[in-house]
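Shown here: model05.txt, compact mmCIF, C-alpha atoms.
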# COMPACT_ATOMS: atom_id res chain seq x y z
CA MET K 19 70.49 -49.09 -147.75
CA ALA K 20 71.73 -47.12 -150.73
CA HIS K 21 70.32 -47.84 -154.15
CA VAL K 22 73.00 -48.60 -156.72
CA THR K 23 72.40 -48.68 -160.49
CA VAL K 24 75.15 -49.79 -162.88
CA ILE K 25 74.39 -49.60 -166.62
CA GLY K 26 76.54 -50.02 -169.72
CA VAL K 27 79.85 -50.80 -168.04
CA PRO K 28 81.25 -54.01 -169.54
CA ASP K 29 82.54 -56.77 -167.29
CA PRO K 30 84.80 -57.33 -165.52
CA THR K 31 84.71 -53.59 -164.66
CA GLY K 32 80.93 -53.43 -164.35
CA ALA K 33 80.84 -56.45 -162.06
CA ALA K 34 83.63 -55.06 -159.87
CA ILE K 35 81.87 -51.70 -159.55
CA GLU K 36 78.61 -53.42 -158.59
CA ARG K 37 80.32 -55.61 -156.00
CA ILE K 38 82.30 -52.81 -154.35
CA LEU K 39 79.43 -50.29 -154.38
CA ASP K 40 76.99 -52.88 -153.01
CA GLU K 41 79.40 -53.33 -150.10
CA ARG K 42 80.22 -49.69 -149.43
CA ALA K 43 77.79 -47.21 -150.98
CA THR K 44 75.88 -45.12 -148.48
CA LEU K 45 74.32 -42.77 -151.05
CA ASP K 46 72.04 -43.54 -154.00
CA THR K 47 74.39 -43.86 -156.95
CA THR K 48 74.11 -44.38 -160.70
CA VAL K 49 77.11 -45.52 -162.73
CA ALA K 50 76.66 -45.44 -166.51
CA GLY K 51 79.07 -46.26 -169.31
CA THR K 52 78.99 -46.59 -173.07
CA GLY K 53 79.36 -50.34 -173.34
CA ASP K 54 82.09 -52.13 -175.22
CA GLN K 55 83.02 -50.35 -178.42
CA PRO K 56 84.68 -52.42 -181.16
CA GLN K 57 88.29 -51.53 -181.96
CA LYS K 58 88.86 -51.14 -185.66
CA ALA K 59 90.28 -48.78 -188.25
CA PHE K 60 88.14 -45.68 -188.77
CA LEU K 61 87.70 -46.44 -192.46
CA ASP K 62 86.42 -49.94 -191.63
CA ILE K 63 83.76 -48.93 -189.09
CA THR K 64 80.37 -50.17 -190.32
CA GLN K 65 77.02 -48.49 -190.05
CA ALA K 66 75.98 -51.20 -187.59
CA ASP K 67 79.03 -50.42 -185.43
CA TRP K 68 78.14 -46.74 -185.44
CA ASP K 69 74.46 -47.32 -184.70
CA ALA K 70 75.40 -49.54 -181.74
CA THR K 71 77.66 -46.79 -180.39
CA VAL K 72 74.87 -44.23 -180.64
CA GLU K 73 72.51 -46.64 -178.86
CA ALA K 74 75.03 -47.17 -176.06
CA VAL K 75 75.53 -43.44 -175.66
CA LYS K 76 71.79 -42.93 -175.54
CA ASP K 77 71.42 -45.61 -172.86
CA ALA K 78 74.05 -43.82 -170.76
CA PHE K 79 72.26 -40.50 -171.24
CA LEU K 80 68.89 -42.00 -170.31
CA ALA K 81 70.45 -43.49 -167.17
CA THR K 82 71.82 -40.05 -166.29
CA ARG K 83 68.43 -38.44 -166.89
CA ALA K 84 66.71 -41.10 -164.77
CA ALA K 85 69.22 -40.57 -161.96
CA ALA K 86 68.63 -36.80 -162.11
CA LEU K 87 64.86 -37.24 -161.97
CA ARG K 88 65.17 -39.77 -159.15
CA GLY K 89 67.47 -37.49 -157.20
CA ASP K 90 70.44 -39.85 -156.86
CA ALA K 91 73.18 -38.18 -154.84
CA ARG K 92 75.96 -39.51 -157.03
CA ILE K 93 76.20 -39.91 -160.79
CA ILE K 94 79.38 -41.46 -162.19
CA LEU K 95 79.89 -41.82 -165.93
CA VAL K 96 82.51 -44.18 -167.31
CA SER K 97 84.29 -43.13 -170.51
CA SER K 98 87.71 -44.35 -171.64
CA ALA K 99 91.27 -43.20 -172.21
CA PRO K 100 90.85 -42.65 -175.98
CA ALA K 101 88.28 -39.97 -175.16
CA VAL K 102 91.09 -38.07 -173.45
CA ARG K 103 93.87 -38.84 -175.94
CA PRO K 104 93.26 -40.28 -179.40
CA VAL K 105 94.28 -43.90 -179.88
CA HIS K 106 94.63 -45.44 -183.34
CA GLY K 107 91.77 -47.92 -183.80
CA ALA K 108 89.59 -46.55 -181.02
CA ALA K 109 87.47 -43.91 -182.78
CA LEU K 110 84.19 -45.29 -181.45
CA ALA K 111 85.29 -45.42 -177.81
CA ALA K 112 86.80 -41.95 -178.17
CA THR K 113 83.62 -40.45 -179.57
CA ALA K 114 81.29 -42.15 -177.11
CA GLY K 115 83.52 -41.27 -174.16
CA ALA K 116 83.94 -37.63 -175.14
CA PHE K 117 80.16 -37.40 -175.48
CA LEU K 118 79.83 -38.51 -171.86
CA HIS K 119 82.46 -36.01 -170.73
CA THR K 120 80.22 -33.13 -171.69
CA ILE K 121 77.03 -34.79 -170.45
CA GLY K 122 78.77 -35.24 -167.09
CA GLN K 123 80.08 -31.70 -166.90
CA VAL K 124 76.80 -30.06 -167.87
CA ALA K 125 74.84 -32.32 -165.51
CA ALA K 126 77.28 -31.34 -162.73
CA VAL K 127 76.44 -27.68 -163.33
CA GLU K 128 72.69 -28.24 -163.62
CA LEU K 129 72.42 -30.54 -160.62
CA GLY K 130 74.87 -28.66 -158.39
CA PRO K 131 72.11 -26.79 -156.52
CA THR K 132 70.55 -30.14 -155.54
CA GLY K 133 73.79 -31.40 -154.00
CA THR K 134 74.14 -34.19 -156.53
CA THR K 135 77.69 -34.65 -157.79
CA VAL K 136 78.41 -35.81 -161.33
CA ASN K 137 81.84 -37.05 -162.37
CA VAL K 138 83.43 -39.02 -165.17
CA VAL K 139 85.97 -41.81 -164.79
CA ALA K 140 88.14 -42.45 -167.87
CA PRO K 141 89.79 -45.87 -167.48
CA GLY K 142 92.68 -47.13 -169.54
CA PHE K 143 92.32 -50.43 -171.39
CA VAL K 144 91.22 -52.71 -168.56
CA GLY K 145 93.09 -55.99 -168.49
CA ASP K 146 94.63 -55.42 -171.93
CA ALA K 147 98.30 -56.41 -171.62
CA ARG K 148 99.06 -55.04 -175.10
CA PHE K 149 99.09 -51.61 -173.49
CA ASP K 150 101.49 -52.47 -170.66
CA ALA K 151 104.53 -50.98 -172.39
CA GLY K 152 102.74 -47.70 -173.01
CA VAL K 153 101.63 -47.17 -169.42
CA PRO K 154 104.08 -45.43 -167.09
CA LEU K 155 102.85 -47.57 -164.18
CA GLY K 156 103.80 -50.59 -166.28
CA ARG K 157 100.48 -52.38 -166.53
CA ALA K 158 96.96 -51.96 -167.80
CA PRO K 159 94.34 -51.16 -165.14
CA SER K 160 92.41 -53.89 -163.39
CA ALA K 161 88.65 -53.78 -162.95
CA GLU K 162 89.26 -53.13 -159.24
CA ASP K 163 91.46 -50.10 -160.00
CA VAL K 164 88.46 -48.52 -161.72
CA ALA K 165 85.88 -49.70 -159.19
CA GLU K 166 87.85 -48.26 -156.26
CA VAL K 167 87.82 -44.80 -157.85
CA CYS K 168 84.08 -45.13 -158.45
CA ALA K 169 83.64 -46.10 -154.80
CA PHE K 170 85.51 -42.96 -153.71
CA LEU K 171 83.39 -40.74 -155.97
CA ALA K 172 80.25 -42.43 -154.63
CA SER K 173 81.30 -41.85 -151.04
CA ALA K 174 80.43 -38.97 -148.72
CA ALA K 175 84.15 -38.12 -148.67
CA ALA K 176 83.94 -37.04 -152.33
CA GLY K 177 81.06 -34.64 -151.71
CA TYR K 178 82.93 -31.62 -153.07
CA VAL K 179 84.19 -33.33 -156.25
CA SER K 180 81.90 -32.60 -159.18
CA GLY K 181 82.34 -32.05 -162.90
CA ALA K 182 85.69 -33.85 -162.86
CA ILE K 183 87.04 -36.09 -165.59
CA LEU K 184 89.31 -38.49 -163.77
CA PRO K 185 91.64 -40.73 -165.78
CA VAL K 186 92.34 -44.10 -164.17
CA ASP K 187 95.00 -45.09 -166.61
CA GLY K 188 98.41 -45.28 -164.89
CA ALA K 189 99.36 -41.98 -166.60
CA PHE K 190 98.76 -43.46 -170.08
CA THR K 191 97.07 -40.34 -171.43
CA VAL K 192 99.76 -37.95 -170.24
CA THR K 193 102.77 -39.71 -171.72
CA LYS K 194 104.12 -39.44 -175.23
CA SER K 195 107.07 -41.77 -174.89
CA GLU K 196 105.31 -45.05 -175.76
CA GLY K 197 102.20 -43.43 -177.13
CA GLY K 198 101.62 -45.66 -180.13
CA SER K 199 98.53 -47.83 -180.31
CA PRO K 200 98.96 -51.60 -180.18
CA ILE K 201 95.47 -52.06 -181.62
CA PRO K 202 95.90 -53.88 -184.94
CA THR K 203 94.00 -52.15 -187.74
CA MET O 8 93.05 -14.63 -203.61
CA THR O 9 93.56 -17.94 -205.35
CA ARG O 10 94.86 -20.24 -202.64
CA LEU O 11 92.28 -22.90 -203.58
CA GLU O 12 92.32 -22.59 -207.38
CA GLY O 13 91.41 -25.93 -208.94
CA LYS O 14 90.17 -27.41 -205.66
CA VAL O 15 86.73 -28.92 -205.13
CA ALA O 16 84.95 -28.34 -201.83
CA LEU O 17 81.74 -29.55 -200.20
CA VAL O 18 80.09 -27.81 -197.25
CA THR O 19 77.18 -29.48 -195.49
CA GLY O 20 74.41 -27.45 -193.89
CA ALA O 21 75.20 -24.47 -196.10
CA ALA O 22 71.93 -23.15 -197.52
CA ARG O 23 70.76 -20.89 -194.70
CA ALA O 24 71.28 -17.19 -195.25
CA ARG O 25 72.75 -16.47 -191.81
CA GLY O 26 74.51 -19.80 -191.26
CA ILE O 27 78.17 -20.65 -190.81
CA GLY O 28 78.00 -22.99 -193.81
CA ARG O 29 77.35 -20.12 -196.18
CA GLY O 30 80.28 -18.19 -194.81
CA MET O 31 82.48 -21.23 -195.42
CA VAL O 32 81.23 -21.67 -198.98
CA GLN O 33 81.76 -17.99 -199.75
CA ALA O 34 85.28 -17.93 -198.29
CA LEU O 35 86.29 -21.12 -200.12
CA ALA O 36 84.82 -19.81 -203.38
CA ASP O 37 86.59 -16.46 -202.94
CA GLU O 38 89.87 -18.43 -202.90
CA GLY O 39 89.02 -20.10 -206.20
CA ALA O 40 87.47 -23.41 -205.13
CA ALA O 41 84.53 -24.99 -206.88
CA VAL O 42 81.85 -25.43 -204.22
CA ALA O 43 79.07 -27.91 -203.53
CA VAL O 44 76.40 -26.44 -201.26
CA ASN O 45 74.54 -29.10 -199.29
CA ASP O 46 71.50 -28.86 -197.08
CA ILE O 47 68.29 -30.76 -196.44
CA ALA O 48 65.70 -30.85 -199.21
CA SER O 49 63.42 -28.36 -197.46
CA ALA O 50 66.17 -25.73 -197.74
CA GLU O 51 66.65 -26.27 -201.46
CA ALA O 52 65.10 -22.98 -202.61
CA GLU O 53 67.36 -20.98 -200.28
CA GLY O 54 70.39 -23.04 -201.29
CA GLN O 55 69.67 -22.77 -204.99
CA GLU O 56 69.34 -19.00 -204.71
CA PHE O 57 72.78 -18.89 -203.06
CA VAL O 58 74.24 -21.12 -205.77
CA ASP O 59 72.75 -18.92 -208.49
CA ALA O 60 74.36 -15.88 -206.90
CA LEU O 61 77.72 -17.69 -206.75
CA ARG O 62 77.47 -18.76 -210.37
CA ALA O 63 76.67 -15.18 -211.39
CA THR O 64 80.12 -14.23 -210.10
CA GLY O 65 81.79 -17.01 -212.08
CA VAL O 66 82.04 -19.65 -209.32
CA ARG O 67 81.58 -23.32 -210.23
CA ALA O 68 78.86 -24.26 -207.77
CA GLY O 69 75.94 -26.60 -207.28
CA PHE O 70 73.26 -27.31 -204.70
CA TYR O 71 72.93 -30.88 -203.45
CA ALA O 72 70.05 -31.92 -201.21
CA ALA O 73 70.90 -34.62 -198.65
CA ASP O 74 70.13 -35.34 -195.02
CA VAL O 75 73.51 -35.96 -193.37
CA SER O 76 71.93 -38.23 -190.76
CA ARG O 77 71.14 -40.71 -193.56
CA ARG O 78 74.19 -42.62 -194.76
CA ASP O 79 72.66 -43.61 -198.08
CA GLN O 80 72.01 -39.95 -198.83
CA VAL O 81 75.53 -38.95 -197.80
CA ASP O 82 77.13 -41.60 -200.03
CA ALA O 83 74.94 -40.41 -202.91
CA LEU O 84 75.89 -36.80 -202.13
CA ILE O 85 79.63 -37.49 -202.33
CA ALA O 86 79.22 -39.45 -205.55
CA ALA O 87 77.09 -36.73 -207.15
CA VAL O 88 79.50 -33.93 -206.22
CA GLU O 89 82.51 -35.87 -207.53
CA ALA O 90 80.67 -36.67 -210.79
CA ASP O 91 79.73 -33.02 -211.33
CA LEU O 92 82.69 -31.04 -209.98
CA GLY O 93 85.54 -33.57 -209.74
CA GLY O 94 87.36 -35.36 -206.91
CA LEU O 95 86.77 -33.80 -203.52
CA ASP O 96 89.73 -32.01 -201.96
CA ILE O 97 87.93 -30.26 -199.11
CA VAL O 98 84.94 -31.38 -197.08
CA CYS O 99 83.43 -29.21 -194.36
CA SER O 100 81.11 -31.21 -192.11
CA ASN O 101 79.07 -28.33 -190.76
CA ALA O 102 75.38 -29.27 -190.59
CA GLY O 103 73.98 -29.02 -187.08
CA VAL O 104 70.92 -28.41 -184.95
CA ALA O 105 70.49 -27.26 -181.35
CA ASP O 106 67.97 -27.32 -178.54
CA TRP O 107 67.79 -25.93 -175.02
CA GLN O 108 66.74 -28.30 -172.23
CA THR O 109 68.29 -29.48 -168.99
CA VAL O 110 69.38 -33.11 -168.76
CA ALA O 111 66.27 -33.86 -166.71
CA GLU O 112 63.98 -32.18 -169.27
CA THR O 113 65.58 -33.55 -172.43
CA THR O 114 63.11 -35.63 -174.43
CA ASP O 115 64.07 -38.76 -176.32
CA ALA O 116 63.01 -37.02 -179.53
CA ALA O 117 65.31 -34.04 -178.88
CA PHE O 118 68.20 -36.38 -178.07
CA ASP O 119 67.65 -38.37 -181.27
CA ARG O 120 67.37 -35.28 -183.45
CA ILE O 121 70.49 -33.56 -182.14
CA VAL O 122 72.64 -36.71 -182.12
CA SER O 123 71.52 -37.90 -185.54
CA VAL O 124 72.29 -34.62 -187.30
CA ASN O 125 75.31 -33.39 -185.34
CA LEU O 126 77.16 -36.58 -184.47
CA THR O 127 75.94 -39.32 -186.81
CA GLY O 128 75.98 -36.67 -189.54
CA ALA O 129 79.63 -35.87 -188.73
CA PHE O 130 80.54 -39.56 -188.79
CA ASN O 131 78.66 -40.17 -192.05
CA VAL O 132 80.18 -37.19 -193.83
CA GLY O 133 83.63 -37.68 -192.31
CA GLN O 134 83.87 -41.36 -193.17
CA ALA O 135 82.31 -41.07 -196.63
CA ALA O 136 84.66 -38.17 -197.43
CA ALA O 137 87.70 -40.01 -196.04
CA ARG O 138 86.88 -43.15 -198.03
CA ALA O 139 86.53 -41.13 -201.24
CA MET O 140 89.76 -39.22 -200.58
CA ALA O 141 91.68 -42.37 -199.66
CA ALA O 142 90.44 -44.13 -202.79
CA ARG O 143 91.54 -41.23 -204.99
CA GLY O 144 94.95 -41.10 -203.32
CA ALA O 145 95.39 -37.34 -203.54
CA GLY O 146 95.02 -36.53 -199.85
CA GLY O 147 92.43 -34.08 -198.69
CA ARG O 148 91.14 -31.82 -195.97
CA ILE O 149 88.26 -32.61 -193.66
CA ILE O 150 87.06 -29.77 -191.47
CA PHE O 151 84.43 -30.22 -188.79
CA THR O 152 82.39 -27.45 -187.26
CA SER O 153 82.53 -28.22 -183.57
CA SER O 154 81.91 -25.43 -181.07
CA VAL O 155 83.18 -23.77 -177.94
CA HIS O 156 81.02 -26.49 -176.39
CA ALA O 157 83.77 -28.99 -177.29
CA GLN O 158 85.86 -27.25 -174.64
CA MET O 159 83.32 -26.29 -172.01
CA GLY O 160 79.75 -27.31 -171.32
CA PHE O 161 76.81 -24.96 -171.01
CA ALA O 162 73.73 -25.62 -168.90
CA THR O 163 70.63 -26.64 -170.92
CA MET O 164 72.84 -27.75 -173.82
CA SER O 165 74.21 -31.08 -172.62
CA VAL O 166 73.34 -33.11 -175.70
CA TYR O 167 74.35 -30.41 -178.15
CA GLY O 168 77.63 -29.93 -176.32
CA ALA O 169 78.18 -33.67 -176.09
CA THR O 170 77.86 -34.03 -179.85
CA LYS O 171 80.54 -31.36 -180.22
CA SER O 172 82.84 -33.11 -177.75
CA GLY O 173 82.23 -36.30 -179.68
CA ILE O 174 83.26 -34.52 -182.87
CA ARG O 175 86.45 -33.35 -181.15
CA ALA O 176 87.41 -36.92 -180.23
CA LEU O 177 86.36 -38.31 -183.61
CA CYS O 178 88.39 -35.62 -185.38
CA GLU O 179 91.51 -36.34 -183.33
CA THR O 180 91.29 -40.09 -183.95
CA MET O 181 90.68 -39.53 -187.66
CA ALA O 182 93.71 -37.22 -187.77
CA VAL O 183 95.91 -39.96 -186.31
CA GLU O 184 94.58 -42.67 -188.61
CA LEU O 185 94.22 -40.76 -191.87
CA ALA O 186 97.59 -39.00 -191.91
CA PRO O 187 99.18 -41.84 -193.96
CA HIS O 188 96.58 -41.07 -196.65
CA GLY O 189 97.60 -37.41 -196.70
CA ILE O 190 94.25 -36.42 -195.22
CA ARG O 191 94.31 -33.59 -192.65
CA VAL O 192 91.41 -33.47 -190.22
CA ASN O 193 90.74 -30.44 -188.03
CA HIS O 194 87.86 -28.70 -186.30
CA ILE O 195 86.69 -25.14 -185.88
CA GLY O 196 84.99 -23.87 -182.73
CA PRO O 197 82.54 -21.03 -183.26
CA GLY O 198 81.12 -19.09 -180.36
CA TRP O 199 78.18 -16.81 -181.02
CA VAL O 200 76.85 -16.59 -184.56
CA LEU O 201 73.41 -15.08 -185.16
CA SER O 202 72.44 -18.02 -187.34
CA GLN O 203 69.04 -19.66 -187.73
CA LEU O 204 70.35 -22.42 -185.45
CA ASN O 205 70.46 -19.96 -182.55
CA ASP O 206 67.13 -18.25 -183.21
CA ALA O 207 65.47 -20.27 -180.44
CA SER O 208 68.24 -19.64 -177.91
CA PRO O 209 66.99 -18.18 -174.62
CA ALA O 210 70.13 -16.03 -174.66
CA LEU O 211 68.73 -14.20 -177.69
CA GLU O 212 65.12 -14.05 -176.55
CA THR O 213 64.73 -10.28 -176.68
CA GLU O 214 66.84 -7.53 -178.18
CA GLU O 215 67.83 -6.42 -174.70
CA ILE O 216 68.92 -9.91 -173.60
CA THR O 217 70.77 -10.39 -176.88
CA ARG O 218 72.61 -7.10 -176.48
CA ALA O 219 73.58 -7.94 -172.90
CA ASN O 220 74.86 -11.38 -173.86
CA LEU O 221 76.83 -10.27 -176.88
CA ALA O 222 78.35 -7.44 -174.84
CA THR O 223 80.24 -10.07 -172.83
CA ILE O 224 82.25 -11.11 -175.90
CA PRO O 225 85.74 -9.63 -175.58
CA ILE O 226 86.27 -8.84 -179.27
CA GLU O 227 84.05 -5.87 -180.09
CA GLY O 228 81.08 -7.24 -178.13
CA ARG O 229 79.65 -8.86 -181.21
CA ALA O 230 78.76 -12.21 -182.73
CA ALA O 231 80.89 -13.65 -185.53
CA ASP O 232 80.19 -12.98 -189.16
CA PRO O 233 79.92 -16.48 -190.72
CA TYR O 234 82.60 -15.39 -193.20
CA GLU O 235 85.06 -15.22 -190.28
CA LEU O 236 84.48 -18.95 -189.72
CA GLY O 237 84.93 -19.40 -193.45
CA ARG O 238 88.37 -17.82 -193.31
CA ALA O 239 89.34 -20.33 -190.62
CA ALA O 240 88.17 -23.11 -192.95
CA VAL O 241 90.32 -21.64 -195.72
CA TYR O 242 93.34 -21.78 -193.41
CA PHE O 243 92.83 -25.50 -192.81
CA ALA O 244 91.95 -26.16 -196.47
CA SER O 245 94.84 -24.28 -198.07
CA ALA O 246 98.60 -24.84 -198.19
CA ASP O 247 98.74 -22.72 -195.02
CA GLY O 248 97.36 -25.79 -193.23
CA ASP O 249 99.74 -28.34 -194.78
CA TYR O 250 101.34 -29.20 -191.42
CA VAL O 251 98.18 -28.99 -189.32
CA THR O 252 96.07 -31.97 -188.34
CA GLY O 253 94.03 -32.93 -185.30
CA ALA O 254 93.87 -29.26 -184.36
CA TYR O 255 91.14 -27.12 -182.89
CA LEU O 256 90.78 -23.49 -183.94
CA ARG O 257 88.44 -21.54 -181.71
CA VAL O 258 86.94 -18.53 -183.53
CA ASP O 259 84.76 -16.96 -180.87
CA GLY O 260 86.01 -13.44 -180.26
CA GLY O 261 87.43 -14.69 -176.97
CA PHE O 262 83.96 -15.58 -175.71
CA VAL O 263 85.08 -18.54 -173.57
CA VAL O 264 88.56 -17.33 -172.65
CA GLY O 265 88.82 -17.42 -168.88
CA LYS O 266 85.58 -19.34 -168.64
CA TYR O 267 86.77 -22.89 -169.08

Please, can you express the file's structure as structure tokens?
Amino acid sequence: MAHVTVIGVPDPTGAAIERILDERATLDTTVAGTGDQPQKAFLDITQADWDATVEAVKDAFLATRAAALRGDARIILVSSAPAVRPVHGAALAATAGAFLHTIGQVAAVELGPTGTTVNVVAPGFVGDARFDAGVPLGRAPSAEDVAEVCAFLASAAAGYVSGAILPVDGAFTVTKSEGGSPIPT
Amino acid sequence: MTRLEGKVALVTGAARARGIGRGMVQALADEGAAVAVNDIASAEAEGQEFVDALRATGVRAGFYAADVSRRDQVDALIAAVEADLGGLDIVCSNAGVADWQTVAETTDAAFDRIVSVNLTGAFNVGQAAARAMAARGAGGRIIFTSSVHAQMGFATMSVYGATKSGIRALCETMAVELAPHGIRVNHIGPGWVLSQLNDASPALETEEITRANLATIPIEGRAADPYELGRAAVYFASADGDYVTGAYLRVDGGFVVGKY
């Protein structure tokens, strides 16, 4: 029975990942995210907001370190679309996610010789219909869209995928046509 | 050159003799800017010496001690510089520290130290500067020192590199949001600089190892002179950078070309 650890991924995504990995994972797997960052104008971010972001990032790093020390075969970090492409009102998610991108890539290099793979999933705005118009696939991602990709990365079939940053965003971060942010600031 | 005549600039982490910050201060001053040299209190003697040398050549300059990881100190820093030198036009968020440990070896203390200076420091300085510039209504230039690490990771430097990636994303979001205030936000990516920050790098452990590592740099097989980073800051700070925001300028002698 594989051991699955999921830390810092807000529901419903976190719950979906736990459910699907509990059903299917055959390898010890850690999934770590940076929590739920508040959306607000950069100039209005408070010190408490920032400190909470740093804490969340640290928790994700500590989960990665623990997985490395434990020898988990799969480490999956969860960032977010604004870490790939800037989104007005999402500075905290962007910063926290980009931080994880590098943690994931460096860990992939360092842990490669052990056979552990490390990847990052960058979801769009899960369940947020305000983004529908800006997503080429016409809708925001569901929690299951993200969890299915995590399940693939956790599987034996993904054994040669490491150091990847994989957007699960319906092509949101590669389009410019409806690129504006619907986040009110 | 006088591309920055009448402008007021602040550079954080700028006291150290071999650091990038000094190169930025010197290049900005050479273009006519008044310059505030910031560093932590323990570097005050070194910073004051630098300021004295600048003043001796007719530059309006001052040393300001502040720890960028402390928001109260950063707010006081911005207020003090504006009171002494005038409204800030240019802010270079440059202060940084580094360490060399694998993810598995990284201690909580090392994580906290690197993140608090490099990333929280960038947020503190970036937001305090942006608030001051927005309040004054005269636009401004914010320039972050990121790194080639913002583009590609290096083993044993996960947390350092992650702070630089974080700065990249923060910078891009700030660029999008602050454009209506006339504030341009960009970042500069140094490769090798023989600064105090890198003294503990295993890649520079002996003269022989250093020589071998620097020899891999395409441009002249050498590290950057901090002044070369300063000239990149001048580009972003001057009218030459009027139409540039959210950009990344890698100044690394081609070090990472073909590697990422």

Quiz item: Of the residues K:Phe170, K:Val144, K:Ile201, K:Gly177, which is the one nearest to K:Arg42, using only C-alpha atoms?
Solution: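 Looking only at the distances to K:Arg42, the closest residue turns out to be K:Phe170.
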
Quiz item: When distances are computed from only C-alpha atoms, which of K:Ile38, K:Ala114, K:Val179, K:Val24 shows the smallest separation from chain O?
Solution: K:Ala114

Self-check item: Spatial neighbours of K:Phe79, max dist 10 Å, all atoms listed in the file, sep filter under 6 positions, as an MDAnalysis selection string
Solution: (chainID K and resid 50:52 73 85 95 117:118 121:122) or (chainID O and resid 110 113 115 118 165:166)

Practice problem: Give me the residues within 8 Å of stretch 86-91 of chain K as a PyMOL selection string, counting only C-alpha atoms and dropping any in the same chain fewer than 4 places off. | Solution: (chain K and resi 45-48+82+129+133-135) or (chain O and resi 110-111)

Quiz item: If I put a ball of radius 9 Å at (74.6, -16.0, -171.5) in the file's coordinates, which residues poke into it when counting only C-alpha atoms, written as a PyMOL selection string?
Solution: chain O and resi 209-211+216-217+219-221+223

Exercise. Measuring atom to atom with all atoms listed in the file, identify which of O:Ala90, O:Leu95, O:Val122, O:Ala60 is nearest to O:Arg148.
Key: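 Of O:Ala90, O:Leu95, O:Val122, O:Ala60, the one nearest O:Arg148 is O:Leu95, counting all atoms listed in the file.
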
Contacts between chain K and chain O, please, where a residue of chain O counts if it comes within 10 Å (with all atoms listed in the file); show its shortest atom pair and distance in Å to one decimal, rows by chain and ascending number, as a tab-separated table.
residue	atom	partner	partner_atom	distance
O:Arg78	CA	K:Gln65	CA	8.0
O:Thr109	CA	K:Glu128	CA	7.1
O:Val110	CA	K:Arg83	CA	5.7
O:Ala111	CA	K:Arg83	CA	5.1
O:Glu112	CA	K:Arg83	CA	8.0
O:Thr113	CA	K:Arg83	CA	7.9
O:Thr114	CA	K:Leu80	CA	9.5
O:Asp115	CA	K:Leu80	CA	8.4
O:Phe118	CA	K:Lys76	CA	7.9
O:Asp119	CA	K:Lys76	CA	8.4
O:Val122	CA	K:Val72	CA	8.0
O:Ser123	CA	K:Val72	CA	8.7
O:Leu126	CA	K:Val72	CA	8.9
O:Thr127	CA	K:Trp68	CA	7.9
O:Phe130	CA	K:Trp68	CA	8.3
O:Asn131	CA	K:Gln65	CA	8.7
O:Gly133	CA	K:Leu61	CA	9.7
O:Gln134	CA	K:Leu61	CA	6.4
O:Ala135	CA	K:Leu61	CA	8.7
O:Ala137	CA	K:Leu61	CA	7.4
O:Arg138	CA	K:Leu61	CA	6.5
O:Ala141	CA	K:Leu61	CA	9.2
O:His156	CA	K:Thr120	CA	8.2
O:Ala157	CA	K:Thr120	CA	7.8
O:Gln158	CA	K:Thr120	CA	8.7
O:Met159	CA	K:Thr120	CA	7.5
O:Gly160	CA	K:Val124	CA	5.3
O:Phe161	CA	K:Val124	CA	6.0
O:Ala162	CA	K:Val124	CA	5.5
O:Thr163	CA	K:Val124	CA	7.7
O:Met164	CA	K:Val124	CA	7.5
O:Ser165	CA	K:Ile121	CA	5.1
O:Val166	CA	K:Ile121	CA	6.6
O:Tyr167	CA	K:Thr120	CA	9.1
O:Gly168	CA	K:Thr120	CA	6.2
O:Ala169	CA	K:Phe117	CA	4.3
O:Thr170	CA	K:Phe117	CA	6.0
O:Lys171	CA	K:Phe117	CA	7.7
O:Ser172	CA	K:Ala116	CA	5.3
O:Gly173	CA	K:Thr113	CA	4.4
O:Ile174	CA	K:Thr113	CA	6.8
O:Arg175	CA	K:Ala116	CA	7.8
O:Ala176	CA	K:Thr113	CA	5.2
O:Leu177	CA	K:Thr113	CA	5.3
O:Cys178	CA	K:Ala109	CA	8.7
O:Glu179	CA	K:Pro104	CA	5.8
O:Thr180	CA	K:Pro104	CA	5.0
O:Met181	CA	K:Phe60	CA	6.7
O:Ala182	CA	K:Pro104	CA	8.9
O:Val183	CA	K:His106	CA	6.4
O:Glu184	CA	K:His106	CA	6.0
O:Leu185	CA	K:Phe60	CA	8.4
O:Gly253	CA	K:Pro104	CA	9.5

Quiz item: So which residues fall inside 12 Å of (91.3, -20.7, -194.4) if we count only C-alpha atoms? Mind giving them as a ChimeraX atom specification?
Solution: /O:8-11,30-38,40,97,99,148,150,193-195,234-249,251,256,258

Self-check item: For K:Leu39: contacts at 9 Å, all atoms listed in the file, fewer than 2 positions along chain excluded, given as a ChimeraX atom specification
Solution: /K:22,34-37,41-44,47,165-166,168-169,172
